Each structure stands twice: as structure tokens, then as C-alpha cells.
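Working notes for the structure below.
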Amino acid sequence: MDKLKEYYLSLGIDEKVYDYCSSMEDKLKERFDAIDKVAEQNQVKVIKAMQENRFAENHLHGSTGYGYTDEGRDTLEKIYADIFHTEDALVRQQITCGTHALTVALFGNLRPGDEILSVAGKVYDTLEGVIGVRPERGSLAEYGVTFKQVDLLPDGSWDYDGIKNAINEKTKLIEIQRSKGYDVRPTLSVAQIGDIIKFIKDIKSDVICMVDNCYGEFVDVIEPSDVGADMVVGSLIKNIGGGIAPIGGYICGTKECVANAATRLTTPGLGKEVGASMSATRQFAQGLFLAPTVTAAALKGAIFAANVYEGLGFKAVPNATEKRHDIIQAVELGTPELICAFCEGIQSAAPVDSYVTPVPWAMPGYDSEVIMAAGAFTSGSSIELSADAPLKEPYAVYFQGGLTYQHAKFGIMMSLQKIVDKNLIVW
């Protein structure tokens, strides 16, 4: 028996589980090589932006107080703008999460009487409260902003007629959620996003097209801002923070959109000029530097997971062979028991809190109990190995992350091991 196999067996992996997973991995070399090529191009793009903006050692030390003349913060935002090919960027530790970044972008750019149109169906659960689809204190609905949605067609394509009919004189902002959220629809490709933005702009040229870019950064060699998005918005504890950023979010886009968002984040009249970076610039910059390869590792883990579980007869979205447009792998397990066992396995593979058993709970912002598995160096970081699922039909679990492919692989093996241990599948 080889030494690697001995290590896995010593960690509780059965020989049968190890051999099955290894057989799946053996088929993936060509796909993994292609992912590495994308990572290489994105890595060079990041380095080029840092060099052209003369990013320097003195930029890493941060500021305190009001944060006036914080050159490191301002230079990092120029780097983000160059990477996304936008006019401006807002990259701040004061943005607490992805939903907060989207909230800042929405509140900054909408006024009473305006209407939001989601063209990819249901928005992410936590954004429902922000918009007012689910009543919450301080929602946009309370400020007189209305909302419409047009669902994707059953095959995951755009409902062009429905979108055209929904756009009216009040439509101020189009919301496009790139990733699937707690849904089993296909993730949108950058090319698909570009197609619908062109279609929308031909109907109403001055409408703001905002893309929720969470989980999608660096999966492709282009971003939604390269195909016409006025704003791309995301979280730094997902792909683009590289597992190093401890908090934060970004908004990249037109000067006007970013200035409006900055005014909402801070105050009218101050905008981007304030907001001390403290010690965050070093972590933000280093995380950005590592993000292309970290994202590649997470993608490889997702493909490995799809192959492992599809091989056992479960439905994987995306399936084992589809092109990837984000790092999330959904698996329809079909029962709460299988979901909980899967999440126990992910938790048991973590470097932090591996001994903890995750349980479903009434998590704020969601309409059903949710189980989350994550033993991360940064709390809630979903670029690190993690899995979560709402306890409702179709009982799908959503797996993402892994700062290294090897860790993601171990997590998937442990998820299967827990299912086997509980006799929830028949080999």
C-alpha cells in the first residue's frame, strides 16, 4: 500500500471509498490542466495591474482614524478597477459581506419611485430582505423602490420576451445574479450575461446593469464588466480574497455608480475620501494576488465532487462534464439525512473545528432551517472548504471552496465516508 493511501486510511477513509474516489480523479487531468491555464492568465493580469499602479511596500501599512490620504487603499482600488476594466472601484473592510456590498450598491444608486428588475429569477435569499420581497425593517420597499423578476426559461436560458415586457419607464436597475444561490439552475456564463446586457441596453440604454459576481471571480479570463456590466459586486471572503482577506467587499463599475455607492457606505459629501484601512490593505492585496490559483483549486474540487456523486447516481449541478462558471457544486441528495451526513463529512475534514457536528438552525435572512459546515481560518469564508444547504426540497447541498485542491478532495472523500458510515447508500 502506498504512503498516501495509508495517510487517508489513518484519517478514517475506508479503502473502498479511497479507491472509488481515486478512480474518479484519474479521469480529470485534462480538465485540471485547462483550469490551470485560466489561472495563469488571471495571475498575470493581477500582477500586471499591481505593477502598472506601482504598488509599493509603503502601501501595505494602512491608516487609522478618518483614513484621509490612504494611498494604499486608493492604489488597491485602482488595481481592482484595472483588473475589472472599470472606471472606478470601492474595496473596503467596512463592507461586511457580499449582501452588504449589494445593499450599498442598490441603496446608493436607487431613489424612491425607481424599480429593480431581476432577469435571472429569484434573487439570493438574504437579498430578498434588502429589496423587500420578504418584509424587513429598512428595506428598499420602505423607501418606495419596487421590484419585479423574470424567471429563466426551463432550460436555463433568458426569457427575452418576458424581459422586454417587464422593462418600463421606472426600471432603473437590472439585477443579474451570476451564481445559482440556493437554486439548482445553471450558473450564468460571462458570455450569457453579455448577451442579455446588450439586449437590455438596446431597449433602455440608461438602465444600470448590476451583476452579483459572488463565487464567479477568476473562473473565466473575463468578468461581467468586460461585457457591459455597469457594476460588478462581490465579497472578499469568497474567490477574490484568496482566503487571506478577513472581511470586506468590492464594487467595481462606472465612476458615477461607484461614487453613489461610496456615498451610501460613508456619508454624502465624504464618499470615498474616508474609511481607514487599518491593517487590511496587506491582507486584501495578498489575497488578491493568490486568488487566481485559489479559485482554480476550488474549481478542481467542485469538478471532483460532481464526478464522485454523479458516479453514485445523484444529480450534480453542474454535471460532471459541463463547463464551469462559478465554484459552487450543487448535489441533489434527496433527503435531510444525506444532507446532514454530507455536511458532517466536510466539517470533519476542516483544519479548524473538525470535531464539531454541524446541525440545522434558523439562520437570519433565510426562510428555512439551514445547515452549514465550515472549519475556516476566516469565519464564514466560503472560498475555504465549506458546504451548506437549506432543509427543504429538493434537498440539495451546495459545496464550495478549498484553498488547496488537496483539501477539497479530502473534504469530498470525508463527506462520502460519513454517508457510508450511516448506511445511507448501498454500494
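Ligands are numbered from 1 in the order shown, residues from 1 within each chain, and chains are lettered A, B, ... in the order they appear in the C-alpha cells.
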Which of segment 186-228 of chain A fall in strand (DSSP E or B), as number ranges by chain: A: 208-212
Put those residues in a file: C-alpha atoms, as a PDB file, in the first residue's frame.
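result_27.pdb was written with the following content:
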```
ATOM      1  CA  ILE A 208     -27.896  50.292 -14.715  1.00  0.00           C
ATOM      2  CA  CYS A 209     -26.891  46.640 -15.141  1.00  0.00           C
ATOM      3  CA  MET A 210     -25.525  45.266 -11.865  1.00  0.00           C
ATOM      4  CA  VAL A 211     -24.048  41.770 -11.605  1.00  0.00           C
ATOM      5  CA  ASP A 212     -23.835  39.876  -8.339  1.00  0.00           C
TER       6      ASP A 212
END
```
Alpha helix (DSSP H) positions in segment 231-422 of chain A, given as number ranges by chain: A: 255-265, 280-310, 336-348, 405-421
Contact residues around Asn423 of chain A with only C-alpha atoms at 12 Å, ignoring same-chain residues under 5 positions, as a PyMOL selection string: chain A and resi 337-338+341+416-418
Any chance you can output those residues with N, CA and C atoms as an mmCIF file, in the first residue's frame?
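Printed below is out12.cif as written:
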```cif
data_model
loop_
_atom_site.group_PDB
_atom_site.id
_atom_site.type_symbol
_atom_site.label_atom_id
_atom_site.label_comp_id
_atom_site.auth_asym_id
_atom_site.auth_seq_id
_atom_site.Cartn_x
_atom_site.Cartn_y
_atom_site.Cartn_z
ATOM 1 N N GLU A 337 -31.345 13.587 5.841
ATOM 2 C CA GLU A 337 -30.320 12.746 6.466
ATOM 3 C C GLU A 337 -29.038 12.727 5.645
ATOM 4 N N LEU A 338 -29.179 12.631 4.330
ATOM 5 C CA LEU A 338 -27.993 12.639 3.470
ATOM 6 C C LEU A 338 -27.298 14.000 3.505
ATOM 7 N N ALA A 341 -25.354 14.245 6.777
ATOM 8 C CA ALA A 341 -24.171 13.389 6.758
ATOM 9 C C ALA A 341 -23.081 14.001 5.877
ATOM 10 N N LEU A 416 -18.408 11.565 1.650
ATOM 11 C CA LEU A 416 -18.877 10.243 1.232
ATOM 12 C C LEU A 416 -18.692 9.218 2.341
ATOM 13 N N GLN A 417 -17.589 9.321 3.070
ATOM 14 C CA GLN A 417 -17.336 8.374 4.151
ATOM 15 C C GLN A 417 -18.426 8.435 5.220
ATOM 16 N N LYS A 418 -18.858 9.641 5.587
ATOM 17 C CA LYS A 418 -19.917 9.787 6.597
ATOM 18 C C LYS A 418 -21.224 9.175 6.095
#
```
For segment 342-347 of chain A: contacts at 9 Å, only C-alpha atoms, fewer than 6 positions along chain excluded, given as JSON, numbers by chain: {"A": [353, 354, 355, 356, 357, 358, 359, 371, 372, 373, 374, 375, 385, 386, 387, 388, 389, 397, 399, 408, 410, 411, 412, 413, 414, 415, 416, 417, 418, 419]}
Using only C-alpha atoms: which of A:Glu87, A:Asp183, A:Glu332, A:Asp202 has the shortest distance to Tyr309 of chain A: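 Counting only C-alpha atoms, the residue closest to Tyr309 of chain A is A:Glu332.
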Contacts of Gly402 of chain A within 12 Å, only C-alpha atoms, excl. fewer than 5 positions in-chain, as number ranges by chain: A: 238-239, 242-243, 291, 293-302, 304-305, 327-328, 346, 349-351, 374-377, 381-387, 407-412
Store the residues picked out above in a file with C-alpha atoms, as a PDB file, in the first residue's frame.
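result-v4.pdb written:
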```
ATOM      1  CA  LYS A 238     -15.085  34.453  -1.463  1.00  0.00           C
ATOM      2  CA  ASN A 239     -12.917  33.968  -4.576  1.00  0.00           C
ATOM      3  CA  GLY A 242      -7.864  34.381  -1.863  1.00  0.00           C
ATOM      4  CA  GLY A 243      -8.543  33.055   1.631  1.00  0.00           C
ATOM      5  CA  ALA A 291      -6.953  34.489  -5.762  1.00  0.00           C
ATOM      6  CA  THR A 293      -4.737  29.900  -8.006  1.00  0.00           C
ATOM      7  CA  VAL A 294      -7.056  29.546  -5.003  1.00  0.00           C
ATOM      8  CA  THR A 295     -10.074  29.818  -7.306  1.00  0.00           C
ATOM      9  CA  ALA A 296      -8.539  27.169  -9.561  1.00  0.00           C
ATOM     10  CA  ALA A 297      -8.169  24.835  -6.577  1.00  0.00           C
ATOM     11  CA  ALA A 298     -11.816  25.343  -5.632  1.00  0.00           C
ATOM     12  CA  LEU A 299     -12.904  24.663  -9.227  1.00  0.00           C
ATOM     13  CA  LYS A 300     -10.983  21.410  -9.300  1.00  0.00           C
ATOM     14  CA  GLY A 301     -12.624  20.394  -6.030  1.00  0.00           C
ATOM     15  CA  ALA A 302     -16.075  21.146  -7.446  1.00  0.00           C
ATOM     16  CA  PHE A 304     -14.101  16.202  -8.407  1.00  0.00           C
ATOM     17  CA  ALA A 305     -17.250  16.374  -6.251  1.00  0.00           C
ATOM     18  CA  ILE A 327     -17.029  27.500  -7.831  1.00  0.00           C
ATOM     19  CA  ILE A 328     -20.279  26.130  -6.390  1.00  0.00           C
ATOM     20  CA  ILE A 346     -16.999  18.371   5.244  1.00  0.00           C
ATOM     21  CA  ALA A 349     -12.134  17.430   7.136  1.00  0.00           C
ATOM     22  CA  ALA A 350     -11.611  21.012   8.331  1.00  0.00           C
ATOM     23  CA  PRO A 351      -8.358  22.290   9.877  1.00  0.00           C
ATOM     24  CA  ALA A 374     -17.170  25.257   7.737  1.00  0.00           C
ATOM     25  CA  GLY A 375     -13.995  24.975   9.737  1.00  0.00           C
ATOM     26  CA  ALA A 376     -12.305  28.032   8.350  1.00  0.00           C
ATOM     27  CA  PHE A 377      -9.463  30.365   9.302  1.00  0.00           C
ATOM     28  CA  SER A 381     -15.265  32.315   4.382  1.00  0.00           C
ATOM     29  CA  SER A 382     -16.779  30.304   1.551  1.00  0.00           C
ATOM     30  CA  ILE A 383     -13.628  30.260  -0.535  1.00  0.00           C
ATOM     31  CA  GLU A 384     -12.416  27.936   2.187  1.00  0.00           C
ATOM     32  CA  LEU A 385     -13.775  24.384   2.296  1.00  0.00           C
ATOM     33  CA  SER A 386     -17.459  24.648   3.176  1.00  0.00           C
ATOM     34  CA  ALA A 387     -20.899  23.249   2.458  1.00  0.00           C
ATOM     35  CA  HIS A 407      -8.102  19.882   0.939  1.00  0.00           C
ATOM     36  CA  ALA A 408     -11.221  19.996  -1.226  1.00  0.00           C
ATOM     37  CA  LYS A 409     -10.561  16.411  -2.310  1.00  0.00           C
ATOM     38  CA  PHE A 410     -10.218  15.261   1.309  1.00  0.00           C
ATOM     39  CA  GLY A 411     -13.464  17.024   2.219  1.00  0.00           C
ATOM     40  CA  ILE A 412     -15.412  15.260  -0.524  1.00  0.00           C
TER      41      ILE A 412
END
```
Output as CSV one row per residue of segment 96-192 of chain A within 10 Å of segment 197-201 of chain A: the closest atom pair and its distance in Å to one decimal place, counting only C-alpha atoms, sorted by chain and residue number ascending.
```
residue,atom,partner,partner_atom,distance
A:Val119,CA,A:Ile200,CA,9.9
A:Tyr160,CA,A:Phe199,CA,8.1
A:Ile163,CA,A:Ile200,CA,8.0
A:Lys164,CA,A:Ile200,CA,7.6
A:Ile167,CA,A:Ile200,CA,8.4
A:Ile174,CA,A:Ile200,CA,8.6
A:Ile176,CA,A:Ile197,CA,9.3
A:Ala191,CA,A:Ile197,CA,9.9
A:Gln192,CA,A:Ile197,CA,8.7
```
Using only N, CA and C atoms, please write the residues we just selected to a file, as a PDB file, in the first residue's frame.
```
ATOM      1  N   VAL A 119     -33.532  39.664 -13.803  1.00  0.00           N
ATOM      2  CA  VAL A 119     -33.806  38.950 -15.055  1.00  0.00           C
ATOM      3  C   VAL A 119     -33.404  37.477 -14.999  1.00  0.00           C
ATOM      4  N   TYR A 160     -36.374  36.352 -23.175  1.00  0.00           N
ATOM      5  CA  TYR A 160     -36.220  37.654 -23.825  1.00  0.00           C
ATOM      6  C   TYR A 160     -37.542  38.413 -23.911  1.00  0.00           C
ATOM      7  N   ILE A 163     -38.522  39.689 -20.431  1.00  0.00           N
ATOM      8  CA  ILE A 163     -37.669  40.806 -20.011  1.00  0.00           C
ATOM      9  C   ILE A 163     -38.073  42.089 -20.740  1.00  0.00           C
ATOM     10  N   LYS A 164     -38.280  41.975 -22.039  1.00  0.00           N
ATOM     11  CA  LYS A 164     -38.675  43.155 -22.817  1.00  0.00           C
ATOM     12  C   LYS A 164     -39.986  43.736 -22.295  1.00  0.00           C
ATOM     13  N   ILE A 167     -39.521  45.645 -18.740  1.00  0.00           N
ATOM     14  CA  ILE A 167     -38.804  46.923 -18.691  1.00  0.00           C
ATOM     15  C   ILE A 167     -39.772  48.064 -18.992  1.00  0.00           C
ATOM     16  N   ILE A 174     -31.077  46.804 -13.361  1.00  0.00           N
ATOM     17  CA  ILE A 174     -31.248  45.378 -13.670  1.00  0.00           C
ATOM     18  C   ILE A 174     -30.298  44.589 -12.782  1.00  0.00           C
ATOM     19  N   ILE A 176     -28.559  41.055 -11.956  1.00  0.00           N
ATOM     20  CA  ILE A 176     -28.226  39.770 -12.584  1.00  0.00           C
ATOM     21  C   ILE A 176     -27.376  38.969 -11.607  1.00  0.00           C
ATOM     22  N   ALA A 191     -20.438  35.104 -21.016  1.00  0.00           N
ATOM     23  CA  ALA A 191     -20.976  35.332 -22.368  1.00  0.00           C
ATOM     24  C   ALA A 191     -22.494  35.504 -22.329  1.00  0.00           C
ATOM     25  N   GLN A 192     -23.183  34.668 -21.557  1.00  0.00           N
ATOM     26  CA  GLN A 192     -24.634  34.813 -21.421  1.00  0.00           C
ATOM     27  C   GLN A 192     -25.004  36.173 -20.828  1.00  0.00           C
TER      28      GLN A 192
END
```
Spatial neighbours of segment 265-271 of chain A, 10 Å, only C-alpha atoms, chain gap at least 4 places, as a PyMOL selection string: chain A and resi 90+92+94-95+100-101+103-105+107-108+258-261+275
Two-atom distance - atom CA of Asp230 of chain A, atom CA of Ala262 of chain A (Å):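 Atom CA of Asp230 of chain A sits 15.1 Å away from atom CA of Ala262 of chain A.
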Computed interatomic separation between atom CA of Leu403 of chain A and atom CA of Glu30 of chain A (Å):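 That distance, rounded to one decimal, is 20.8 Å.
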Nearest-residue call for Trp158 of chain A, choices A:Ala141, A:Ile116, A:Cys97, A:Leu188, using only C-alpha atoms: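 Among the listed residues, the smallest separation from Trp158 of chain A belongs to A:Leu188.
Separating atom CA of Pro154 of chain A from atom CA of Val232 of chain A is a distance of 26.0 Å.
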Who sits within 12 Å of Leu391 of chain A, only C-alpha atoms, same chain under 6 positions skipped, as number ranges by chain: A: 182, 332-340, 359-363, 366-372, 397-398
Sort by chain and increasing residue number a table of all residues of segment 15-125 of chain A within 12 Å of segment 311-325 of chain A, each with its closest pair of atoms and their distance in Å to one decimal, counting only C-alpha atoms, and write it as a Markdown table.
```
| residue | atom | partner | partner_atom | distance |
| --- | --- | --- | --- | --- |
| A:Val17 | CA | A:Leu312 | CA | 11.5 |
| A:Tyr20 | CA | A:Gly311 | CA | 9.4 |
| A:Cys21 | CA | A:Gly311 | CA | 9.7 |
| A:Ser23 | CA | A:Gly311 | CA | 10.5 |
| A:Met24 | CA | A:Gly311 | CA | 8.3 |
| A:Glu25 | CA | A:Ala320 | CA | 11.5 |
| A:Lys27 | CA | A:Ala320 | CA | 10.9 |
| A:Leu28 | CA | A:Thr321 | CA | 9.8 |
| A:Glu30 | CA | A:Thr321 | CA | 11.7 |
| A:Arg31 | CA | A:Thr321 | CA | 9.2 |
| A:Phe32 | CA | A:Arg324 | CA | 11.8 |
| A:Ala34 | CA | A:Lys323 | CA | 10.8 |
| A:Ile35 | CA | A:Arg324 | CA | 9.7 |
| A:Val38 | CA | A:Arg324 | CA | 11.8 |
```
Using only C-alpha atoms: which of A:Val221, A:Leu127, A:Ile83, A:Ile425 has the shortest distance to Leu288 of chain A: A:Ile83
Counting only C-alpha atoms, the residue of A:Gln93, A:Lys422, A:Gly365, A:Thr86 that sits nearest Arg134 of chain A: A:Gly365
Selected residue, from A:Ser157, A:Gln43, A:Ser277, A:Asn168, that lies nearest to Glu77 of chain A when counting only C-alpha atoms: A:Ser277
Given only C-alpha atoms as the counted atoms, nearest of A:Thr69, A:Thr171, A:Gln283, A:Gln177 to Tyr124 of chain A: A:Gln177
